[in-house]
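One file, structure-v3.txt, is given below (compact mmCIF, C-alpha atoms).
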```txt
# COMPACT_ATOMS: atom_id res chain seq x y z
CA MET A 1 97.42 125.18 86.72
CA ALA A 2 100.81 123.77 87.71
CA THR A 3 100.83 120.35 89.33
CA ALA A 4 101.78 120.60 93.01
CA LEU A 5 103.20 117.09 93.21
CA THR A 6 105.04 115.52 90.28
CA ALA A 7 106.32 111.97 90.09
CA LEU A 8 109.98 112.03 89.08
CA ALA A 9 111.21 108.44 89.23
CA THR A 10 110.48 105.10 90.84
CA THR A 11 112.11 101.71 91.16
CA THR A 12 111.13 98.30 92.48
CA LEU A 13 114.10 96.07 93.18
CA ALA A 14 114.26 92.96 91.03
CA SER A 15 117.11 91.67 93.21
CA ASN A 16 118.82 92.62 96.47
CA ALA A 17 120.78 95.88 96.34
CA THR A 18 123.25 97.67 98.61
CA THR A 19 122.39 101.14 97.30
CA ILE A 20 119.55 102.84 95.45
CA SER A 21 120.40 106.11 93.67
CA PHE A 22 118.40 108.92 92.16
CA SER A 23 120.39 111.25 89.89
CA SER A 24 119.81 113.85 87.17
CA ILE A 25 116.95 115.12 89.31
CA ALA A 26 114.85 117.69 87.48
CA SER A 27 114.96 121.13 89.06
CA GLY A 28 112.15 123.66 89.18
CA TYR A 29 110.63 122.29 92.38
CA ARG A 30 110.77 123.62 95.92
CA ASP A 31 110.98 120.33 97.80
CA LEU A 32 111.48 116.65 97.10
CA ARG A 33 109.60 113.78 98.73
CA LEU A 34 110.93 110.24 98.81
CA VAL A 35 108.62 107.35 99.70
CA ILE A 36 110.23 104.08 100.75
CA LEU A 37 108.50 100.73 101.23
CA ALA A 38 111.30 98.26 101.75
CA GLY A 39 112.96 95.50 103.68
CA THR A 40 116.55 94.62 104.54
CA ASP A 41 118.39 91.37 105.14
CA ALA A 42 120.55 92.59 108.04
CA ASN A 43 118.15 93.76 110.77
CA THR A 44 118.68 97.44 110.03
CA GLY A 45 117.01 100.60 108.86
CA PHE A 46 118.23 102.99 106.18
CA GLY A 47 120.55 105.95 105.73
CA ILE A 48 120.71 108.61 103.03
CA ARG A 49 123.49 110.63 101.43
CA VAL A 50 123.16 113.44 98.95
CA ASN A 51 125.42 114.52 96.10
CA GLY A 52 127.73 111.63 96.89
CA ASP A 53 128.83 113.25 100.15
CA SER A 54 130.04 110.61 102.61
CA SER A 55 131.97 112.99 104.86
CA ALA A 56 131.25 113.24 108.57
CA SER A 57 129.30 116.45 108.11
CA TYR A 58 125.64 115.49 108.53
CA ALA A 59 123.77 116.37 111.72
CA TYR A 60 120.58 114.78 112.98
CA VAL A 61 118.26 114.50 115.92
CA GLY A 62 115.61 111.84 116.12
CA MET A 63 112.95 110.29 118.26
CA ARG A 64 111.52 106.82 118.33
CA GLY A 65 109.10 104.73 120.30
CA ASN A 66 109.04 100.95 120.31
CA GLY A 67 105.80 100.51 122.21
CA SER A 68 107.35 100.43 125.64
CA GLY A 69 110.23 102.90 125.64
CA THR A 70 111.47 106.01 123.90
CA ALA A 71 114.83 107.18 122.60
CA SER A 72 116.26 110.27 121.02
CA PRO A 73 119.49 109.73 119.05
CA THR A 74 121.59 112.64 117.87
CA SER A 75 124.84 113.35 116.09
CA SER A 76 126.65 116.42 114.79
CA SER A 77 129.18 114.52 112.68
CA ALA A 78 127.46 111.62 110.99
CA THR A 79 128.49 110.23 107.62
CA TYR A 80 124.88 109.89 106.50
CA MET A 81 121.40 111.21 107.20
CA ASN A 82 119.57 109.05 109.67
CA ILE A 83 116.05 108.05 108.74
CA GLY A 84 115.79 104.88 110.78
CA ASN A 85 118.28 103.17 113.03
CA GLU A 86 116.07 100.93 115.09
CA THR A 87 116.96 97.23 114.89
CA TYR A 88 114.33 95.80 112.57
CA SER A 89 113.75 92.13 111.87
CA ASN A 90 114.69 90.92 108.42
CA SER A 91 112.04 91.03 105.75
CA ILE A 92 109.75 93.24 107.82
CA GLN A 93 108.25 95.89 105.60
CA LEU A 94 109.64 99.30 106.58
CA MET A 95 107.90 102.44 105.46
CA TYR A 96 109.39 105.96 105.36
CA THR A 97 108.43 109.32 103.94
CA VAL A 98 111.42 111.64 103.59
CA ASP A 99 111.06 115.34 102.77
CA PHE A 100 114.00 117.33 101.39
CA LEU A 101 113.00 120.93 102.02
CA ASP A 102 114.21 123.66 99.65
CA ALA A 103 116.21 120.94 97.93
CA PHE A 104 117.47 123.14 95.12
CA ALA A 105 118.18 126.32 97.09
CA THR A 106 121.73 127.67 96.87
CA ASP A 107 121.47 130.01 99.82
CA LYS A 108 120.88 127.61 102.71
CA HIS A 109 121.88 124.33 104.25
CA LYS A 110 119.47 121.49 103.54
CA THR A 111 116.92 120.20 106.04
CA VAL A 112 115.58 116.68 105.58
CA LEU A 113 112.69 115.37 107.68
CA SER A 114 111.69 111.73 107.85
CA ARG A 115 108.87 109.70 109.35
CA GLY A 116 108.37 105.97 109.38
CA GLY A 117 109.08 102.61 110.89
CA ASN A 118 107.12 99.44 111.26
CA ALA A 119 104.15 98.47 113.41
CA ALA A 120 105.94 95.38 114.73
CA THR A 121 108.99 97.25 115.99
CA ALA A 122 109.02 101.04 116.23
CA THR A 123 107.91 104.39 114.90
CA GLU A 124 110.63 106.98 114.22
CA ALA A 125 111.08 110.58 113.13
CA HIS A 126 114.33 112.35 112.33
CA ALA A 127 115.43 115.84 111.43
CA ASN A 128 118.66 115.95 109.43
CA ARG A 129 120.87 118.72 108.12
CA TRP A 130 123.31 118.63 105.24
CA PRO A 131 125.59 121.66 105.75
CA SER A 132 125.91 122.67 102.12
CA THR A 133 124.42 125.46 100.02
CA SER A 134 124.64 123.31 96.90
CA ALA A 135 121.48 122.20 95.18
CA ILE A 136 120.72 118.52 95.66
CA THR A 137 121.48 116.67 92.45
CA SER A 138 121.54 113.08 93.66
CA ILE A 139 120.11 111.04 96.50
CA THR A 140 121.52 107.68 97.59
CA ILE A 141 119.63 105.40 99.93
CA PHE A 142 121.30 102.43 101.57
CA PRO A 143 120.58 99.94 104.33
CA LEU A 144 122.87 100.52 107.30
CA SER A 145 124.05 96.97 106.80
CA GLY A 146 123.45 94.28 104.21
CA ASN A 147 120.98 94.70 101.34
CA ALA A 148 117.65 96.19 100.54
CA THR A 149 115.62 93.17 99.53
CA THR A 150 113.83 92.21 96.32
CA GLY A 151 110.48 93.93 95.96
CA SER A 152 111.49 97.06 97.87
CA THR A 153 110.18 100.23 96.23
CA PHE A 154 111.59 103.75 96.22
CA SER A 155 109.66 106.63 94.63
CA LEU A 156 110.72 110.27 94.24
CA TYR A 157 108.38 113.24 93.81
CA GLY A 158 108.90 116.96 93.18
CA VAL A 159 106.81 119.43 95.19
CA LEU A 160 106.09 122.89 93.85
CA ALA A 161 105.89 125.94 96.09
CA MET B 1 98.72 114.36 87.76
CA SER B 2 100.60 112.83 90.70
CA LEU B 3 98.28 114.10 93.46
CA THR B 4 94.53 113.75 92.97
CA LEU B 5 91.74 114.54 95.37
CA ILE B 6 89.53 111.46 95.56
CA ALA B 7 86.93 112.68 98.06
CA THR B 8 86.37 115.13 100.88
CA THR B 9 83.74 115.43 103.58
CA THR B 10 82.73 117.69 106.45
CA VAL B 11 80.61 116.50 109.36
CA GLY B 12 77.28 118.25 109.69
CA ALA B 13 75.06 119.13 112.61
CA GLY B 14 74.47 116.20 114.93
CA GLY B 15 77.91 114.75 114.39
CA ALA B 16 78.87 111.41 112.87
CA SER B 17 80.03 108.17 114.44
CA THR B 18 82.51 107.47 111.64
CA ILE B 19 84.01 109.17 108.61
CA ASP B 20 84.03 106.73 105.73
CA PHE B 21 85.52 106.73 102.25
CA SER B 22 84.35 103.84 100.10
CA SER B 23 84.64 102.72 96.49
CA ILE B 24 88.24 103.98 96.41
CA PRO B 25 89.62 103.31 92.92
CA SER B 26 92.68 101.09 92.61
CA SER B 27 94.31 103.25 89.97
CA PHE B 28 96.70 105.17 92.25
CA THR B 29 99.94 104.08 93.96
CA ASP B 30 99.56 105.52 97.46
CA LEU B 31 96.87 107.22 99.54
CA LEU B 32 97.16 110.36 101.67
CA LEU B 33 94.48 111.04 104.28
CA LEU B 34 94.28 114.51 105.86
CA VAL B 35 91.99 114.95 108.85
CA SER B 36 90.78 117.78 111.06
CA ALA B 37 88.76 116.22 113.86
CA ARG B 38 87.23 116.64 117.28
CA SER B 39 85.52 113.94 119.38
CA THR B 40 82.38 114.49 121.44
CA ARG B 41 83.89 112.50 124.30
CA ALA B 42 83.73 114.50 127.54
CA LEU B 43 87.46 114.40 128.20
CA LEU B 44 90.61 116.00 126.81
CA THR B 45 91.48 113.27 124.33
CA ASP B 46 90.07 110.28 122.48
CA ASN B 47 92.19 107.88 120.44
CA LEU B 48 91.51 108.11 116.71
CA PHE B 49 91.88 105.01 114.56
CA VAL B 50 91.82 104.05 110.88
CA LYS B 51 90.56 100.74 109.53
CA PHE B 52 90.39 99.36 106.01
CA ASN B 53 87.64 97.55 104.09
CA ASN B 54 85.50 97.70 107.26
CA SER B 55 87.75 95.16 108.95
CA THR B 56 89.07 95.44 112.49
CA ALA B 57 91.04 92.21 112.20
CA ASN B 58 94.82 91.98 111.80
CA LEU B 59 95.50 95.57 112.84
CA SER B 60 98.50 96.62 114.92
CA GLY B 61 100.53 99.70 115.65
CA ARG B 62 103.17 101.49 117.68
CA ILE B 63 102.88 105.12 118.71
CA LEU B 64 105.24 107.73 120.15
CA ILE B 65 103.53 110.45 122.16
CA GLY B 66 104.76 113.82 123.39
CA SER B 67 102.54 115.62 125.89
CA GLY B 68 104.48 118.77 126.51
CA SER B 69 105.90 117.34 129.70
CA ALA B 70 106.88 113.77 128.83
CA ALA B 71 107.43 111.30 126.00
CA SER B 72 105.89 107.84 126.00
CA SER B 73 105.33 104.96 123.64
CA ASP B 74 102.57 102.41 123.37
CA SER B 75 101.67 99.51 121.13
CA SER B 76 98.61 97.52 120.18
CA ALA B 77 98.02 94.17 118.52
CA SER B 78 94.35 94.89 117.88
CA VAL B 79 94.06 98.45 116.53
CA ALA B 80 96.06 100.49 114.05
CA TYR B 81 97.29 103.14 116.45
CA ASN B 82 96.98 106.41 114.60
CA ALA B 83 96.52 109.40 116.86
CA VAL B 84 95.73 110.84 120.22
CA GLY B 85 92.79 112.90 119.06
CA GLU B 86 91.12 116.05 120.31
CA ALA B 87 88.02 115.71 122.50
CA SER B 88 85.40 118.03 123.87
CA THR B 89 87.06 119.50 126.97
CA MET B 90 89.96 120.94 124.97
CA THR B 91 89.62 124.59 123.95
CA ALA B 92 86.34 125.16 122.17
CA ASN B 93 86.29 125.44 118.39
CA THR B 94 89.68 123.80 118.02
CA PHE B 95 90.33 120.59 116.14
CA GLY B 96 93.19 118.11 116.13
CA ASN B 97 94.97 117.34 112.87
CA MET B 98 96.20 114.09 111.44
CA SER B 99 98.03 113.06 108.29
CA VAL B 100 98.12 109.38 107.27
CA TYR B 101 100.24 108.06 104.39
CA ILE B 102 99.37 104.63 103.02
CA PRO B 103 101.79 103.35 100.36
CA ASN B 104 100.97 100.64 97.84
CA TYR B 105 97.37 100.48 99.07
CA ALA B 106 96.15 98.48 96.07
CA GLY B 107 99.05 96.05 96.02
CA SER B 108 99.18 92.44 97.12
CA THR B 109 101.30 92.86 100.25
CA ASN B 110 100.36 93.78 103.80
CA LYS B 111 99.41 97.45 104.22
CA SER B 112 101.60 99.79 106.25
CA MET B 113 100.74 103.34 107.23
CA SER B 114 102.56 106.24 108.83
CA THR B 115 100.70 108.85 110.87
CA ASP B 116 101.51 112.33 112.15
CA SER B 117 99.06 114.04 114.47
CA VAL B 118 98.64 116.91 116.89
CA THR B 119 95.97 118.23 119.24
CA GLU B 120 95.36 121.93 119.67
CA THR B 121 94.38 123.59 122.90
CA ASN B 122 94.96 126.80 124.81
CA GLY B 123 96.39 124.99 127.77
CA SER B 124 99.39 123.11 129.10
CA GLU B 125 98.35 119.60 128.06
CA SER B 126 98.45 118.88 124.38
CA TYR B 127 99.78 116.04 122.31
CA GLN B 128 101.90 115.37 119.27
CA THR B 129 102.24 111.82 118.02
CA ILE B 130 103.78 109.71 115.31
CA ALA B 131 102.71 106.16 114.64
CA ALA B 132 103.60 103.17 112.50
CA SER B 133 100.65 100.89 111.85
CA LEU B 134 99.88 97.75 109.89
CA TRP B 135 96.89 95.98 108.41
CA ALA B 136 98.19 92.44 107.89
CA ASN B 137 95.99 91.78 104.89
CA THR B 138 97.05 91.46 101.25
CA ALA B 139 93.73 92.68 99.82
CA ALA B 140 93.59 95.97 97.97
CA ILE B 141 92.19 98.79 100.09
CA ASN B 142 88.90 100.07 98.72
CA GLN B 143 87.45 101.57 101.91
CA VAL B 144 89.00 103.77 104.60
CA THR B 145 87.12 104.47 107.83
CA LEU B 146 87.99 106.81 110.69
CA TYR B 147 86.55 106.00 114.11
CA TRP B 148 87.04 106.95 117.75
CA ASN B 149 88.06 104.70 120.59
CA VAL B 150 85.26 106.11 122.81
CA GLY B 151 83.39 108.88 120.95
CA PRO B 152 80.54 108.54 120.37
CA ASN B 153 80.84 111.03 117.51
CA PHE B 154 82.94 113.26 115.35
CA ALA B 155 81.90 116.80 116.24
CA GLN B 156 80.30 119.03 113.64
CA TYR B 157 82.85 120.66 111.30
CA SER B 158 85.29 117.75 111.58
CA SER B 159 86.59 117.12 108.06
CA ALA B 160 88.67 114.67 106.09
CA SER B 161 90.08 114.46 102.59
CA ILE B 162 91.63 111.52 100.82
CA TYR B 163 94.09 111.88 97.95
CA GLY B 164 95.56 109.44 95.48
CA ILE B 165 99.27 109.68 94.66
CA THR B 166 100.66 108.15 91.48
CA LYS B 167 104.31 107.23 91.06
CA GLY B 168 105.98 107.82 87.74
CA SER B 169 109.13 108.68 85.87
CA GLY B 170 110.67 111.23 83.58
CA GLY B 171 112.10 113.61 86.16
CA ALA B 172 115.14 111.74 87.43
CA THR B 173 117.32 108.72 86.78
CA VAL B 174 117.19 105.88 89.28
CA SER B 175 119.33 102.78 89.71
CA PRO B 176 118.95 99.95 90.04
```

Go ahead and express the file in the form of structure tokens.
Amino acid sequence: MATALTALATTTLASNATTISFSSIASGYRDLRLVILAGTDANTGFGIRVNGDSSASYAYVGMRGNGSGTASPTSSSATYMNIGNETYSNSIQLMYTVDFLDAFATDKHKTVLSRGGNAATATEAHANRWPSTSAITSITIFPLSGNATTGSTFSLYGVLA
Amino acid sequence: MSLTLIATTTVGAGGASTIDFSSIPSSFTDLLLLVSARSTRALLTDNLFVKFNNSTANLSGRILIGSGSAASSDSSASVAYNAVGEASTMTANTFGNMSVYIPNYAGSTNKSMSTDSVTETNGSESYQTIAASLWANTAAINQVTLYWNVGPNFAQYSSASIYGITKGSGGATVSP
């Protein structure tokens, strides 16, 4: 019986880093799941780009609650996928799960759904779209400012249909 | 295998005050908890919480709630906010659903969790929530308990399954 969820790669930062990249991603899966448990040193959350695309072509809509209020950010011309843009305190552990649906399909744009946040600040969810029919071959995660801090972990899984 | 079923349970006749998974092995990386639940509380909803190692200390959470007519957010410094759960005056024979992801559960840092949940009813008032919660304790998690804010019980046929997820390599290159 095929394994529904397969671990592909993982890293734990031995020092601060401005970007974390997954490349040479094995195909043969339907979706990809990225699990992030990380901190930053610049009071920010994280963004994601795929296949090295930094053009203003990503679209997203999100929602977040900080315990007293709500917000719903949106953009149709972002330079990255938004998975968390609340202002988080440094060194607070942020947690995200990010699902890249039909990541290897060549007949559709890519939908990426994220959930996460931190109990001390906010909970967030975002729906992103990368308007390309190319298969995803690389994923780059970066803090919106500063560094991801030592000890942060990033793990990638393949999900079979 | 990256996803392994650790245990599953279904509540029998008479209900149950808690759903408890104990003696969880430390051999996985993350935990995934999937729940289908209904409270016996005589109202529409009952908050559903998760605690670890039978401890209600050092729990906190923030939740975002959509009701079909409004969005709201709440926080707690005493419970790990997880879900607005389904209770007994919602449509009969329907159960709310909740998914809880707990990364690095056996590690030596504080334990975060992310929750998605929804109630089901044939009516105009229903809820979808997301929550970020924390157990500020560096102990490895070996017990996971579900419990209601009011209850008293999980209704018969409520169910829960807990899975272990193991990180690994060999399917992609990562840097650094």

For chain A versus chain B, which residues have an atom no more than 6 Å away, and what is each residue's nearest atom pair and distance in Å rounded to one decimal, using all atoms listed in the file, chain-then-number order, as JSON lines?
```
{"residue": "A:Leu5", "atom": "CA", "partner": "B:Ser2", "partner_atom": "CA", "distance": 5.6}
{"residue": "A:Thr6", "atom": "CA", "partner": "B:Ser2", "partner_atom": "CA", "distance": 5.2}
{"residue": "A:Ala7", "atom": "CA", "partner": "B:Gly168", "partner_atom": "CA", "distance": 4.8}
{"residue": "A:Leu8", "atom": "CA", "partner": "B:Gly171", "partner_atom": "CA", "distance": 3.9}
{"residue": "A:Ala9", "atom": "CA", "partner": "B:Ser169", "partner_atom": "CA", "distance": 4.0}
{"residue": "A:Ile20", "atom": "CA", "partner": "B:Ser175", "partner_atom": "CA", "distance": 5.7}
{"residue": "A:Ser21", "atom": "CA", "partner": "B:Ser175", "partner_atom": "CA", "distance": 5.3}
{"residue": "A:Phe22", "atom": "CA", "partner": "B:Val174", "partner_atom": "CA", "distance": 4.4}
{"residue": "A:Ser23", "atom": "CA", "partner": "B:Thr173", "partner_atom": "CA", "distance": 5.0}
{"residue": "A:Ser24", "atom": "CA", "partner": "B:Ala172", "partner_atom": "CA", "distance": 5.1}
{"residue": "A:Ile25", "atom": "CA", "partner": "B:Ala172", "partner_atom": "CA", "distance": 4.3}
{"residue": "A:Ala26", "atom": "CA", "partner": "B:Gly171", "partner_atom": "CA", "distance": 5.1}
{"residue": "A:Gly65", "atom": "CA", "partner": "B:Leu64", "partner_atom": "CA", "distance": 4.9}
{"residue": "A:Gly67", "atom": "CA", "partner": "B:Asp74", "partner_atom": "CA", "distance": 3.9}
{"residue": "A:Ser68", "atom": "CA", "partner": "B:Ser73", "partner_atom": "CA", "distance": 5.3}
{"residue": "A:Gly69", "atom": "CA", "partner": "B:Ser73", "partner_atom": "CA", "distance": 5.7}
{"residue": "A:Gly116", "atom": "CA", "partner": "B:Ser114", "partner_atom": "CA", "distance": 5.8}
{"residue": "A:Gly117", "atom": "CA", "partner": "B:Ala132", "partner_atom": "CA", "distance": 5.7}
{"residue": "A:Asn118", "atom": "CA", "partner": "B:Ala132", "partner_atom": "CA", "distance": 5.3}
{"residue": "A:Ala119", "atom": "CA", "partner": "B:Gly61", "partner_atom": "CA", "distance": 4.4}
{"residue": "A:Thr123", "atom": "CA", "partner": "B:Ala132", "partner_atom": "CA", "distance": 5.1}
```

Practice item. For CA of Val98 in chain A and CA of Ile36 in chain A, determine how far apart the two atoms are, in Å to one decimal place. Key: 8.2 Å

Point to revise | Residue nearest Leu101 in chain A among A:Ala38, A:Leu113, A:Ile48, A:Ala135 (counting only C-alpha atoms) | key: A:Leu113

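The neighbours of Gly107 in chain B here are the residues that come within 12 Å of it, using all atoms listed in the file and leaving out any residue fewer than 5 positions away in the same chain; they are A:Leu37, A:Gly151, A:Thr153, B:Ser26, B:Ser27, B:Phe28, B:Thr29, B:Asp30, B:Leu31, B:Ile102, B:Ser112, B:Asn137, B:Thr138, B:Ala139, B:Ala140, B:Ile141, B:Asn142.
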
Generate the output file for the selected residues, C-alpha atoms, as a tab-separated table (two decimals), in the frame of the given file.
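Done, and the output landed in again-v1.tsv:
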```
chain	number	residue	atom	x	y	z
A	37	LEU	CA	108.50	100.73	101.23
A	151	GLY	CA	110.48	93.93	95.96
A	153	THR	CA	110.18	100.23	96.23
B	26	SER	CA	92.68	101.09	92.61
B	27	SER	CA	94.31	103.25	89.97
B	28	PHE	CA	96.70	105.17	92.25
B	29	THR	CA	99.94	104.08	93.96
B	30	ASP	CA	99.56	105.52	97.46
B	31	LEU	CA	96.87	107.22	99.54
B	102	ILE	CA	99.37	104.63	103.02
B	112	SER	CA	101.60	99.79	106.25
B	137	ASN	CA	95.99	91.78	104.89
B	138	THR	CA	97.05	91.46	101.25
B	139	ALA	CA	93.73	92.68	99.82
B	140	ALA	CA	93.59	95.97	97.97
B	141	ILE	CA	92.19	98.79	100.09
B	142	ASN	CA	88.90	100.07	98.72
```

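Interatomic distance, CA of Ser78 in chain B to CA of Glu120 in chain B: 27.1 Å.
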
Review point. Which neighbours of range 34-49 of chain B fall inside 8 Å, counting all atoms listed in the file, when residues of the same chain fewer than 3 positions from it are skipped, and could you give them as a ChimeraX atom specification?
Key: /B:79-90,94-100,146-155,157-162

Counting only C-alpha atoms, find the residues whose atoms lie at most 10 Å from (111.1, 100.3, 107.0) (file coordinates) and write them out as a PDB file with C-alpha atoms, in the coordinates of the input.
```
ATOM      1  CA  ILE A  36     110.230 104.080 100.750  1.00  0.00           C
ATOM      2  CA  LEU A  37     108.500 100.730 101.230  1.00  0.00           C
ATOM      3  CA  ALA A  38     111.300  98.260 101.750  1.00  0.00           C
ATOM      4  CA  GLY A  39     112.960  95.500 103.680  1.00  0.00           C
ATOM      5  CA  THR A  40     116.550  94.620 104.540  1.00  0.00           C
ATOM      6  CA  THR A  44     118.680  97.440 110.030  1.00  0.00           C
ATOM      7  CA  GLY A  45     117.010 100.600 108.860  1.00  0.00           C
ATOM      8  CA  PHE A  46     118.230 102.990 106.180  1.00  0.00           C
ATOM      9  CA  ILE A  83     116.050 108.050 108.740  1.00  0.00           C
ATOM     10  CA  GLY A  84     115.790 104.880 110.780  1.00  0.00           C
ATOM     11  CA  ASN A  85     118.280 103.170 113.030  1.00  0.00           C
ATOM     12  CA  GLU A  86     116.070 100.930 115.090  1.00  0.00           C
ATOM     13  CA  TYR A  88     114.330  95.800 112.570  1.00  0.00           C
ATOM     14  CA  SER A  89     113.750  92.130 111.870  1.00  0.00           C
ATOM     15  CA  SER A  91     112.040  91.030 105.750  1.00  0.00           C
ATOM     16  CA  ILE A  92     109.750  93.240 107.820  1.00  0.00           C
ATOM     17  CA  GLN A  93     108.250  95.890 105.600  1.00  0.00           C
ATOM     18  CA  LEU A  94     109.640  99.300 106.580  1.00  0.00           C
ATOM     19  CA  MET A  95     107.900 102.440 105.460  1.00  0.00           C
ATOM     20  CA  TYR A  96     109.390 105.960 105.360  1.00  0.00           C
ATOM     21  CA  THR A  97     108.430 109.320 103.940  1.00  0.00           C
ATOM     22  CA  ARG A 115     108.870 109.700 109.350  1.00  0.00           C
ATOM     23  CA  GLY A 116     108.370 105.970 109.380  1.00  0.00           C
ATOM     24  CA  GLY A 117     109.080 102.610 110.890  1.00  0.00           C
ATOM     25  CA  ASN A 118     107.120  99.440 111.260  1.00  0.00           C
ATOM     26  CA  ALA A 119     104.150  98.470 113.410  1.00  0.00           C
ATOM     27  CA  THR A 121     108.990  97.250 115.990  1.00  0.00           C
ATOM     28  CA  ALA A 122     109.020 101.040 116.230  1.00  0.00           C
ATOM     29  CA  THR A 123     107.910 104.390 114.900  1.00  0.00           C
ATOM     30  CA  GLU A 124     110.630 106.980 114.220  1.00  0.00           C
ATOM     31  CA  PRO A 143     120.580  99.940 104.330  1.00  0.00           C
ATOM     32  CA  SER A 152     111.490  97.060  97.870  1.00  0.00           C
TER      33      SER A 152
ATOM     34  CA  SER B 112     101.600  99.790 106.250  1.00  0.00           C
ATOM     35  CA  ALA B 132     103.600 103.170 112.500  1.00  0.00           C
TER      36      ALA B 132
END
```

Check your understanding: Can you list, as a PyMOL selection string, every protein, DNA or RNA residue that comes within 12 Å of Val112 in chain A when you count only C-alpha atoms, leaving out same-chain residues fewer than 6 positions away?
Key -> chain A and resi 31-34+47-50+58-62+80-83+97-103+125-131+136+139

Study note, to complete from the structure: Between CA of Asn93 in chain B and CA of Thr121 in chain B lies a distance of 9.4 Å

Taking all atoms of range 85-103 of chain B that the file lists and extending 8 Å past them on each side, where is the centre of the axis-aligned box and how long are its edges? Answer in Å to one decimal, as JSON.
```
{"center_x": 93.6, "center_y": 114.4, "center_z": 113.7, "size_x": 32.4, "size_y": 38.1, "size_z": 42.6}
```

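Shortest separation to Ala136 in chain B among B:Ala57, B:Leu32, B:Ala7, B:Ile24 occurs at residue B:Ala57, atoms counted being only C-alpha atoms.
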